[in-house]
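One file, start_32.cif, carrying mmCIF, C-alpha atoms and all ligand atoms:
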data_run
loop_
_atom_site.label_atom_id
_atom_site.label_comp_id
_atom_site.auth_asym_id
_atom_site.auth_seq_id
_atom_site.Cartn_x
_atom_site.Cartn_y
_atom_site.Cartn_z
CA MET G 1 5.81 -1.43 17.37
CA PRO G 2 5.47 -4.68 19.29
CA ILE G 3 6.47 -6.73 16.32
CA LEU G 4 10.02 -5.46 16.56
CA LYS G 5 10.45 -6.57 20.14
CA ARG G 6 9.85 -10.24 19.47
CA LYS G 7 13.06 -12.02 20.13
CA GLY G 8 14.96 -13.47 17.22
CA MET G 9 12.52 -12.05 14.76
CA VAL G 10 13.95 -11.03 11.47
CA VAL G 11 12.34 -8.04 10.01
CA PHE G 12 13.29 -6.16 6.94
CA LEU G 13 11.61 -2.89 7.46
CA VAL G 14 10.32 -0.32 5.08
CA VAL G 15 8.89 2.82 6.57
CA LEU G 16 6.07 4.07 4.46
CA LEU G 17 3.27 6.50 4.53
CA LEU G 18 0.17 5.19 2.89
CA PHE G 19 -2.94 7.17 2.39
CA THR G 20 -5.83 6.99 0.05
CA MET G 21 -5.81 6.32 -3.62
CA ILE G 22 -8.43 4.25 -5.41
CA ILE G 23 -11.20 5.51 -7.60
CA PHE G 24 -9.57 8.42 -9.22
CA VAL G 25 -9.87 6.61 -12.48
CA LYS G 26 -10.59 9.09 -15.23
CA GLY G 27 -12.57 10.97 -12.62
CA LEU G 28 -15.12 8.19 -12.41
CA VAL G 29 -16.97 8.04 -9.14
CA PHE G 30 -19.85 5.89 -8.02
CA ASP G 31 -23.06 7.15 -6.67
CA LYS G 32 -25.91 5.02 -5.50
CA LYS G 33 -28.09 5.29 -8.56
CA ASN G 34 -26.03 7.23 -11.05
CA LEU G 35 -22.55 7.38 -12.35
CA VAL G 36 -21.21 10.79 -11.65
CA TYR G 37 -17.95 12.43 -12.46
CA ALA G 38 -15.56 13.43 -9.79
CA ASN G 39 -15.08 17.11 -9.26
CA GLU G 40 -13.18 19.37 -6.92
CA GLU G 41 -15.83 19.03 -4.28
CA ASN G 42 -15.87 15.28 -3.95
CA ASP G 43 -12.26 14.82 -5.06
CA GLY G 44 -13.06 11.33 -6.25
CA ARG G 45 -13.93 10.18 -2.77
CA ALA G 46 -17.68 9.82 -3.09
CA VAL G 47 -17.23 6.07 -3.22
CA GLU G 48 -16.29 5.96 0.44
CA GLU G 49 -19.66 7.10 1.55
CA THR G 50 -21.90 5.29 -0.90
CA ASP G 51 -22.54 1.70 -1.78
CA LEU G 52 -21.25 0.38 -5.02
CA PRO G 53 -24.03 0.15 -7.57
CA ILE G 54 -23.57 -3.50 -8.38
CA GLU G 55 -27.12 -4.77 -8.25
CA GLU G 56 -28.91 -1.75 -9.55
CA ASN G 57 -26.85 -1.51 -12.69
CA GLU G 58 -26.37 -5.17 -13.35
CA ILE G 59 -29.09 -5.53 -15.94
CA MET G 60 -28.04 -2.50 -17.89
CA ILE G 61 -24.42 -3.63 -17.97
CA ASP G 62 -25.23 -7.14 -19.06
CA ASN G 63 -27.13 -5.94 -22.08
CA LEU G 64 -24.31 -3.95 -23.57
CA VAL G 65 -21.26 -5.26 -25.34
CA ASP G 66 -18.55 -2.89 -26.40
CA GLU G 67 -16.81 -4.35 -29.40
CA ASP G 68 -13.83 -2.02 -29.08
CA SER G 69 -13.13 -3.02 -25.50
CA TYR G 70 -10.17 -5.05 -24.35
CA ASP G 71 -12.52 -7.53 -22.68
CA PHE G 72 -14.24 -8.17 -26.00
CA TYR G 73 -10.85 -8.45 -27.75
CA LEU G 74 -9.73 -11.08 -25.23
CA GLU G 75 -12.97 -12.98 -25.68
CA GLN G 76 -12.49 -13.03 -29.44
CA HIS G 77 -8.99 -14.45 -28.99
CA ALA G 78 -9.69 -16.69 -26.03
CA ASP G 79 -8.73 -19.87 -27.90
CA LYS G 80 -5.40 -18.53 -29.19
CA LYS G 81 -2.00 -19.92 -28.19
CA ARG G 82 0.52 -18.09 -26.02
CA PRO G 83 3.79 -18.91 -27.82
CA GLU G 84 6.73 -19.28 -25.44
CA ARG G 85 9.20 -17.08 -27.25
CA VAL G 86 10.70 -13.63 -27.22
CA ILE G 87 10.78 -11.66 -30.48
CA ARG G 88 12.91 -8.53 -30.35
CA ILE G 89 12.39 -5.59 -32.67
CA GLU G 90 15.35 -3.18 -32.56
CA GLY G 91 14.10 0.40 -32.38
CA GLU G 92 16.70 1.57 -34.87
CA GLU G 93 15.60 -0.98 -37.47
CA TYR G 94 12.34 0.74 -38.28
CA SER G 95 10.76 0.49 -41.71
CA SER G 96 9.32 3.98 -41.92
CA VAL G 97 8.83 7.26 -40.07
CA SER G 98 6.39 10.02 -40.88
CA ASP G 99 8.27 13.18 -39.99
CA GLU G 100 11.57 14.83 -39.37
CA GLY G 101 13.17 14.43 -35.99
CA PHE G 102 13.59 10.67 -35.92
CA SER G 103 17.25 9.66 -35.76
CA VAL G 104 19.39 6.67 -34.86
CA LYS G 105 21.96 7.13 -32.06
CA ASP G 106 24.93 5.09 -30.90
CA ASN G 107 25.36 4.46 -27.17
CA LEU G 108 22.82 7.06 -26.09
CA GLU G 109 22.85 7.90 -22.35
CA GLY G 110 24.85 4.88 -21.30
CA LEU G 111 23.15 2.35 -23.58
CA GLU G 112 25.40 -0.15 -25.30
CA GLY G 113 24.24 -0.19 -28.90
CA LYS G 114 21.87 1.71 -31.10
CA SER G 115 18.52 3.27 -30.37
CA VAL G 116 16.10 5.55 -32.18
CA ILE G 117 15.01 8.97 -31.03
CA THR G 118 11.28 9.49 -31.50
CA PRO G 119 10.03 13.08 -31.13
CA GLU G 120 6.81 14.29 -29.53
CA VAL G 121 4.98 14.13 -32.87
CA GLY G 122 4.97 11.76 -35.79
CA SER G 123 4.80 8.04 -36.20
CA ILE G 124 7.26 5.19 -36.51
CA THR G 125 6.62 1.72 -37.93
CA TRP G 126 8.52 -1.55 -37.63
CA LYS G 127 8.05 -4.76 -39.53
CA VAL G 128 8.22 -7.89 -37.43
CA ASP G 129 8.35 -11.46 -38.59
CA VAL G 130 6.15 -13.52 -36.27
CA PRO G 131 7.01 -17.22 -36.59
CA GLU G 132 3.98 -18.41 -34.65
CA ASP G 133 0.59 -16.76 -34.37
CA GLY G 134 -0.85 -16.15 -30.93
CA LEU G 135 -1.25 -13.78 -28.02
CA TYR G 136 1.85 -11.92 -26.89
CA ASN G 137 2.66 -9.31 -24.28
CA LEU G 138 4.70 -6.32 -25.39
CA ARG G 139 7.44 -4.45 -23.59
CA ILE G 140 9.68 -1.59 -24.51
CA HIS G 141 13.20 -0.58 -23.48
CA TYR G 142 13.10 3.21 -23.53
CA TYR G 143 14.70 6.39 -22.28
CA PRO G 144 12.56 9.42 -21.33
CA LEU G 145 14.20 12.21 -23.35
CA GLU G 146 13.92 15.74 -22.07
CA GLY G 147 10.57 17.26 -23.00
CA LYS G 148 7.79 18.99 -21.13
CA SER G 149 7.98 16.81 -17.99
CA SER G 150 4.73 14.95 -18.72
CA ALA G 151 4.28 11.21 -18.99
CA ILE G 152 5.17 9.91 -22.44
CA GLU G 153 2.08 8.96 -24.43
CA ARG G 154 1.82 6.77 -27.51
CA GLU G 155 -0.92 5.24 -29.60
CA MET G 156 -0.15 1.73 -30.77
CA LEU G 157 -1.33 0.07 -33.98
CA ILE G 158 -0.93 -3.42 -35.38
CA ASN G 159 -1.12 -3.48 -39.18
CA GLN G 160 -2.41 0.09 -39.13
CA SER G 161 -5.32 -0.45 -36.80
CA ILE G 162 -5.75 0.06 -33.07
CA PRO G 163 -6.42 -3.42 -31.67
CA PHE G 164 -8.68 -2.27 -28.80
CA ASP G 165 -9.56 0.74 -26.68
CA GLY G 166 -6.64 1.35 -24.39
CA ALA G 167 -3.92 0.63 -26.95
CA ASP G 168 -4.55 4.17 -28.13
CA ILE G 169 -3.31 5.54 -24.81
CA LEU G 170 -0.13 3.88 -23.60
CA LEU G 171 1.75 5.80 -20.95
CA PHE G 172 5.45 5.52 -20.21
CA ASP G 173 6.71 7.09 -17.03
CA ARG G 174 9.37 9.64 -16.57
CA VAL G 175 11.56 9.10 -13.52
CA TRP G 176 11.83 11.62 -10.70
CA GLY G 177 13.92 12.02 -7.59
CA ASN G 178 15.12 14.53 -5.00
CA GLU G 179 17.34 17.26 -6.39
CA ASN G 180 19.60 17.00 -3.33
CA ASP G 181 20.27 13.99 -1.15
CA GLU G 182 21.39 16.19 1.72
CA ILE G 183 18.68 17.72 3.87
CA VAL G 184 18.52 21.48 3.60
CA ARG G 185 17.02 23.50 6.47
CA ASP G 186 15.54 26.98 6.55
CA ASP G 187 16.78 29.63 8.99
CA ARG G 188 14.32 28.40 11.63
CA GLY G 189 15.71 24.91 11.55
CA ASN G 190 12.88 23.25 9.61
CA ASP G 191 13.63 20.76 6.85
CA ILE G 192 12.89 22.08 3.40
CA THR G 193 10.95 19.76 1.11
CA PRO G 194 13.43 18.69 -1.52
CA ARG G 195 12.70 19.84 -5.06
CA GLN G 196 11.85 17.01 -7.43
CA ILE G 197 13.78 16.80 -10.66
CA GLU G 198 13.82 14.35 -13.53
CA LYS G 199 16.36 11.56 -13.16
CA PRO G 200 16.06 9.85 -16.52
CA ILE G 201 17.23 6.24 -16.79
CA TRP G 202 16.77 3.48 -19.35
CA GLN G 203 13.78 1.43 -18.30
CA THR G 204 11.81 -1.58 -19.44
CA ALA G 205 8.04 -1.24 -19.32
CA SER G 206 5.24 -3.54 -20.40
CA PHE G 207 2.29 -2.20 -22.36
CA VAL G 208 -0.34 -2.00 -19.65
CA ASN G 209 -3.66 -0.38 -18.95
CA ARG G 210 -2.66 2.69 -17.04
CA ASP G 211 -6.03 3.18 -15.38
CA GLY G 212 -5.18 0.09 -13.35
CA TYR G 213 -8.22 -1.84 -14.60
CA TYR G 214 -6.14 -4.91 -15.44
CA GLU G 215 -3.51 -6.37 -13.14
CA ASP G 216 -1.68 -8.03 -16.01
CA PRO G 217 -0.08 -6.42 -19.05
CA TYR G 218 -2.14 -6.27 -22.22
CA LEU G 219 -2.13 -9.26 -24.58
CA PHE G 220 -1.96 -8.58 -28.31
CA TYR G 221 -2.91 -11.01 -31.02
CA PHE G 222 -0.38 -11.39 -33.85
CA GLN G 223 -0.88 -13.48 -36.95
CA LYS G 224 1.96 -15.55 -38.34
CA GLY G 225 4.18 -13.84 -40.91
CA GLU G 226 5.29 -10.27 -41.42
CA GLN G 227 3.31 -7.84 -39.27
CA GLU G 228 3.59 -4.12 -38.63
CA ILE G 229 3.76 -2.31 -35.33
CA THR G 230 3.31 1.46 -35.29
CA LEU G 231 3.70 3.95 -32.47
CA ASN G 232 2.08 7.35 -32.98
CA ALA G 233 3.41 10.06 -30.69
CA ILE G 234 0.74 11.85 -28.71
CA ARG G 235 2.95 13.50 -26.13
CA GLU G 236 6.65 13.83 -25.31
CA PRO G 237 9.79 12.44 -26.94
CA MET G 238 11.41 9.11 -26.06
CA ALA G 239 14.35 7.04 -27.26
CA ILE G 240 13.61 3.40 -28.06
CA ASP G 241 16.25 0.69 -27.84
CA TYR G 242 13.91 -2.21 -28.63
CA ILE G 243 10.38 -3.55 -28.37
CA GLU G 244 9.77 -7.19 -27.53
CA LEU G 245 6.93 -9.61 -28.00
CA TYR G 246 7.13 -11.94 -25.01
CA GLN G 247 5.10 -13.96 -22.53
CA GLU G 248 4.59 -12.57 -19.07
CA ASN G 249 5.55 -15.31 -16.64
CA THR G 250 2.79 -16.84 -14.61
CA ILE G 251 3.63 -15.67 -11.14
CA PRO G 252 3.70 -18.49 -8.60
CA SER G 253 1.62 -18.31 -5.45
CA TYR G 254 3.27 -18.02 -2.04
CA GLU G 255 2.49 -21.68 -1.42
CA GLU G 256 4.56 -22.65 -4.46
CA ILE G 257 7.38 -20.30 -3.53
CA LYS G 258 7.50 -21.78 -0.03
CA ASN G 259 8.00 -25.22 -1.49
CA GLU G 260 10.77 -23.83 -3.64
CA TYR G 261 12.48 -22.42 -0.52
CA ASN G 262 12.37 -25.88 1.03
CA GLU G 263 13.79 -27.54 -2.06
CA LEU G 264 16.60 -24.99 -2.21
CA GLY G 265 17.26 -25.39 1.50
CA LEU G 266 16.86 -21.67 2.12
CA GLU G 267 16.77 -20.59 5.75
CA LYS G 268 15.57 -17.57 7.65
CA THR G 269 18.39 -15.16 8.29
CA SER G 270 19.06 -14.18 11.86
CA GLY G 271 20.37 -10.97 13.29
CA GLN G 272 19.74 -9.11 10.04
CA PHE G 273 17.75 -5.93 10.19
CA ILE G 274 17.57 -3.47 7.34
CA LYS G 275 15.65 -0.28 7.75
CA ILE G 276 14.84 2.01 4.86
CA GLN G 277 13.41 5.44 5.52
CA ALA G 278 10.56 5.93 3.10
CA GLU G 279 11.50 9.54 2.43
CA ASP G 280 14.85 8.33 1.09
CA ALA G 281 13.19 6.88 -2.02
CA ILE G 282 15.59 6.90 -4.93
CA TYR G 283 13.05 7.16 -7.77
CA LYS G 284 9.37 7.85 -8.22
CA SER G 285 7.07 8.06 -11.20
CA SER G 286 5.75 11.50 -10.41
CA PRO G 287 7.14 14.79 -9.06
CA THR G 288 4.18 15.05 -6.69
CA VAL G 289 5.45 12.11 -4.67
CA TYR G 290 7.90 14.06 -2.55
CA PRO G 291 8.98 13.66 1.10
CA LEU G 292 6.37 14.70 3.65
CA GLN G 293 6.66 16.17 7.11
CA ASP G 294 4.42 14.19 9.44
CA ARG G 295 4.03 15.43 13.00
CA SER G 296 1.20 13.14 14.04
CA SER G 297 3.37 10.78 16.06
CA PRO G 298 6.68 11.00 17.95
CA THR G 299 7.49 7.54 16.64
CA MET G 300 8.21 9.10 13.26
CA GLU G 301 11.81 9.00 12.13
CA PRO G 302 13.26 11.54 12.16
CA TYR G 303 11.12 13.47 14.62
CA HIS G 304 11.51 16.82 16.34
CA VAL G 305 9.19 18.17 18.97
CA SER G 306 8.86 21.59 17.34
CA LYS G 307 10.63 21.53 13.99
CA LEU G 308 9.50 20.09 10.68
CA ARG G 309 11.34 17.00 9.51
CA ASN G 310 11.15 15.14 6.21
CA ASN G 311 10.10 11.74 7.52
CA ALA G 312 7.55 10.02 5.29
CA ILE G 313 6.33 9.84 1.72
CA GLY G 314 3.15 9.23 -0.25
CA GLY G 315 -0.08 10.50 1.17
CA MET G 316 -2.71 12.21 -0.91
CA ASN G 317 -0.23 12.62 -3.74
CA TRP G 318 0.13 8.88 -4.17
CA LYS G 319 -3.23 7.56 -5.22
CA MET G 320 -3.33 7.29 -9.00
CA PRO G 321 -3.11 3.71 -10.29
CA GLY G 322 0.36 3.06 -11.64
CA GLN G 323 2.14 5.69 -9.52
CA TRP G 324 5.16 4.09 -7.92
CA ILE G 325 7.98 4.76 -5.46
CA GLU G 326 11.25 2.88 -5.50
CA TRP G 327 13.95 2.30 -2.89
CA THR G 328 17.32 0.55 -3.01
CA PHE G 329 18.90 -1.38 -0.17
CA ASP G 330 21.89 -3.60 0.52
CA VAL G 331 21.70 -7.15 1.82
CA GLU G 332 24.74 -8.60 3.59
CA GLU G 333 23.51 -12.11 4.15
CA GLU G 334 21.58 -14.23 1.66
CA GLY G 335 18.50 -15.89 3.01
CA LEU G 336 14.85 -15.45 3.87
CA TYR G 337 13.55 -12.14 5.19
CA GLN G 338 10.26 -10.69 6.29
CA ILE G 339 9.08 -7.30 5.12
CA ALA G 340 7.20 -4.82 7.27
CA PHE G 341 5.78 -1.42 6.43
CA LYS G 342 5.27 1.31 8.92
CA ARG G 343 2.30 2.96 7.35
CA LYS G 344 -0.89 4.90 7.83
CA GLN G 345 -4.10 4.63 5.82
CA ASP G 346 -6.48 7.15 7.30
CA GLN G 347 -8.49 8.03 4.19
CA LEU G 348 -10.49 5.04 2.99
CA ARG G 349 -12.81 4.19 5.85
CA GLY G 350 -14.41 0.76 5.61
CA THR G 351 -12.25 -0.38 2.75
CA PHE G 352 -8.66 -0.98 1.79
CA ALA G 353 -5.99 0.96 0.02
CA THR G 354 -4.16 -1.39 -2.32
CA ARG G 355 -0.53 -1.50 -3.38
CA SER G 356 1.56 -3.92 -5.37
CA VAL G 357 5.17 -4.72 -4.49
CA THR G 358 7.96 -5.78 -6.83
CA ILE G 359 11.53 -6.60 -5.89
CA ASP G 360 14.19 -6.10 -8.54
CA GLY G 361 11.43 -5.59 -11.10
CA GLU G 362 9.53 -8.85 -10.39
CA TYR G 363 6.65 -9.92 -8.23
CA PRO G 364 8.16 -12.41 -5.78
CA PHE G 365 4.77 -14.21 -5.75
CA SER G 366 1.25 -13.51 -6.91
CA GLU G 367 -0.10 -12.25 -3.59
CA LEU G 368 2.07 -9.16 -3.96
CA LYS G 369 0.06 -7.92 -6.93
CA LYS G 370 -2.49 -6.51 -4.53
CA ILE G 371 -1.74 -5.97 -0.89
CA PRO G 372 -4.62 -4.48 1.07
CA PHE G 373 -3.90 -1.90 3.76
CA LYS G 374 -6.72 -1.37 6.15
CA TYR G 375 -8.03 1.88 7.48
CA ASP G 376 -6.62 3.19 10.75
CA LEU G 377 -6.11 6.70 12.03
CA ASP G 378 -2.80 5.75 13.59
CA TRP G 379 0.50 4.60 12.25
CA ASP G 380 0.67 0.80 12.17
CA MET G 381 3.39 -1.73 11.55
CA ASP G 382 2.19 -4.21 8.94
CA VAL G 383 4.26 -7.33 8.43
CA LEU G 384 3.37 -8.62 4.97
CA GLY G 385 1.72 -12.01 5.23
CA ASP G 386 -1.49 -13.98 5.01
CA ALA G 387 -3.87 -14.83 7.81
CA GLU G 388 -1.58 -17.57 9.09
CA GLU G 389 1.98 -16.35 8.86
CA PRO G 390 4.31 -13.62 7.64
CA TYR G 391 5.58 -14.03 4.09
CA LEU G 392 9.25 -14.85 3.66
CA PHE G 393 11.27 -13.26 0.86
CA HIS G 394 14.43 -14.67 -0.64
CA LEU G 395 17.10 -12.00 -0.92
CA THR G 396 20.62 -12.56 -2.20
CA GLU G 397 23.67 -10.69 -1.02
CA GLY G 398 24.05 -7.32 -2.76
CA THR G 399 21.98 -4.34 -3.78
CA HIS G 400 18.26 -4.68 -4.48
CA THR G 401 15.35 -2.45 -5.36
CA ILE G 402 11.85 -2.52 -3.98
CA ARG G 403 9.03 -0.72 -5.79
CA VAL G 404 5.58 -0.08 -4.36
CA GLU G 405 2.84 0.89 -6.78
CA VAL G 406 -0.76 2.03 -6.48
CA ALA G 407 -3.17 -0.72 -7.58
CA LEU G 408 -6.94 -0.75 -7.71
CA GLY G 409 -7.29 -4.15 -6.10
CA GLU G 410 -10.65 -5.82 -5.81
CA ILE G 411 -12.58 -2.96 -7.30
CA ALA G 412 -10.86 -3.08 -10.71
CA PRO G 413 -13.20 -5.63 -12.37
CA LEU G 414 -16.25 -3.63 -11.41
CA LEU G 415 -14.74 -0.39 -12.63
CA ARG G 416 -13.76 -1.73 -16.00
CA THR G 417 -17.20 -3.26 -16.59
CA ILE G 418 -18.86 0.04 -15.98
CA GLU G 419 -16.31 2.01 -17.94
CA SER G 420 -16.48 -0.21 -21.02
CA SER G 421 -20.21 -0.79 -21.02
CA VAL G 422 -21.88 2.37 -19.91
CA LEU G 423 -19.71 5.37 -20.50
CA LYS G 424 -19.84 5.26 -24.27
CA CA I 501 18.61 -1.14 -30.10
CA CA I 502 10.98 8.09 7.95
#
Please express what this file holds, its structure, as structure tokens.
Ligand SMILES: [Ca+2]
Ligand SMILES: [Ca+2]
Amino acid sequence: MPILKRKGMVVFLVVLLLFTMIIFVKGLVFDKKNLVYANEENDGRAVEETDLPIEENEIMIDNLVDEDSYDFYLEQHADKKRPERVIRIEGEEYSSVSDEGFSVKDNLEGLEGKSVITPEVGSITWKVDVPEDGLYNLRIHYYPLEGKSSAIEREMLINQSIPFDGADILLFDRVWGNENDEIVRDDRGNDITPRQIEKPIWQTASFVNRDGYYEDPYLFYFQKGEQEITLNAIREPMAIDYIELYQENTIPSYEEIKNEYNELGLEKTSGQFIKIQAEDAIYKSSPTVYPLQDRSSPTMEPYHVSKLRNNAIGGMNWKMPGQWIEWTFDVEEEGLYQIAFKRKQDQLRGTFATRSVTIDGEYPFSELKKIPFKYDLDWDMDVLGDAEEPYLFHLTEGTHTIRVEVALGEIAPLLRTIESSVLK
């Protein structure tokens, strides 16, 4: 870990285990001449050993247009405005529901105000007055009600029709965490892997493509005047506080953020060092992302020469686009910090594993939408940065969250072309 020995260096450290992910999209795997489906044998990893079929399939792809696809939808609306406004639709102010089981609640699970409970079946419709036509993003403030422990799934309609393929499968995560914060050991002194339980909280989520094909949340076209939004339940109950039409901010580049630091007179902190053990994640999107016991290196923390210790997280269970892990940490001194990950990516030879990073629910700058982690059999310390210098992050005094999510990275455009054009 030479980076830590540099004098005066300020490092805010996250210890992480990174393994493979990528290409487990709907089981789609590339082969040299054919598209084949992943199966137990190849486990979605065939892409590592084969070349991507860009040239050979180019002609076929170009000749096909899928009129239900999101790409086509965007093309059709390419000239539309993006109105700078937020239009809130209160969940409890719905215009109709199809079944029993929908009900309005006051102050549900710590919420201040009303929300509507929507069961695992049935449909709910709201009327929304749109003052200005254009393309809007959508987000929802929801609570994952107890159900069957699956992701919440909804089909979304505007004026009773599904705007594009993808809007028919919107996923909203449940939230998971360790059952116990204290480490429990078996009678031989080995750490026991903590059981994962649901830790439901109110969350805000944008309507996104959950295969990871698009980095940005979906855009929906709304005409001016009274419009209808419908959510059909496919799986699992949820409570809805509100839905909003809004505009996703354009995320500035690091270059722009650096200028902002200068204008604000922000300085690098000194003498500050915050270390977060990856296995101490507070929340994750999936119960399969549990603490791991890595014995491949004595530099692991904690480490024992003969006993198993919970000391890392992620690995093979953290590869589906959209799966995330979240940590909280306290900052004592406001200023600029670096971020480093102690990580290992020993699965995707010759290519990168990609993750996105948000702090307090936002991308600090656009480069953090896709951070490549290169292949290496050993644990490495990666300081986030570009070819020239480490990135600096502005952190205020107090408690913050950092979330790291699986992203497809550079391969996403290729995947979505093939998915929308060929697999029909
Ligand atoms: Ca509400
Ligand atoms: Ca650790």
Leaving out region 69-72 of chain G and any residue of its chain fewer than 2 positions from it, which residues lie within 8 Å of it when counting only C-alpha atoms, given as a PyMOL selection string? chain G and resi 65-67+74-76+164-166+420
Pick from G:Val305, G:Ala278, G:Leu266, G:Val104 nearest to ligand CA 502 (chain I), counting all atoms listed in the file: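 Among the listed residues, G:Ala278 lies closest to ligand CA 502 (chain I).
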Find the residues around Lys105 (chain G) up to 7 Å (all atoms listed in the file counted), leave out those fewer than 3 positions away in its own chain, and share them as a PyMOL selection string. chain G and resi 108+114-116
Per residue of chain G within 6 Å of ligand CA 502 (chain I), record the nearest atom pair and its distance in Å to one decimal, counting only C-alpha atoms and all ligand atoms, with rows in chain order and ascending residue number, as CSV.
residue,atom,partner,partner_atom,distance
G:Val15,CA,I:CA502,CA,5.8
G:Gln277,CA,I:CA502,CA,4.3
G:Ala278,CA,I:CA502,CA,5.3
G:Glu279,CA,I:CA502,CA,5.7
G:Glu301,CA,I:CA502,CA,4.4
G:Pro302,CA,I:CA502,CA,5.9
G:Asn311,CA,I:CA502,CA,3.8
G:Ala312,CA,I:CA502,CA,4.8
Would you work out the distance separating CA of Ser253 (chain G) from CA of His400 (chain G), expressed in Å to one decimal? 21.5 Å
Rounded to one decimal in Å, what is the spacing between CA of Ile192 (chain G) and CA of Gln347 (chain G)?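 Atom-to-atom, CA of Ile192 (chain G) to CA of Gln347 (chain G), that is 25.6 Å.
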Using all atoms listed in the file, which of the listed residues (G:Pro390, G:Pro144, G:Gly350, G:Gly361) sits closest to Lys374 (chain G)? G:Gly350
Nearest candidate to Tyr142 (chain G) (options G:Ile313, G:Val130, G:Ile274, G:Ile201; using only C-alpha atoms):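 The shortest atom-to-atom distance to Tyr142 (chain G) comes from G:Ile201.
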To one decimal in Å, tell me the separation between CA of Tyr73 (chain G) and CA of Leu219 (chain G).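 Computing the Euclidean distance for CA of Tyr73 (chain G) and CA of Leu219 (chain G) yields 9.3 Å.
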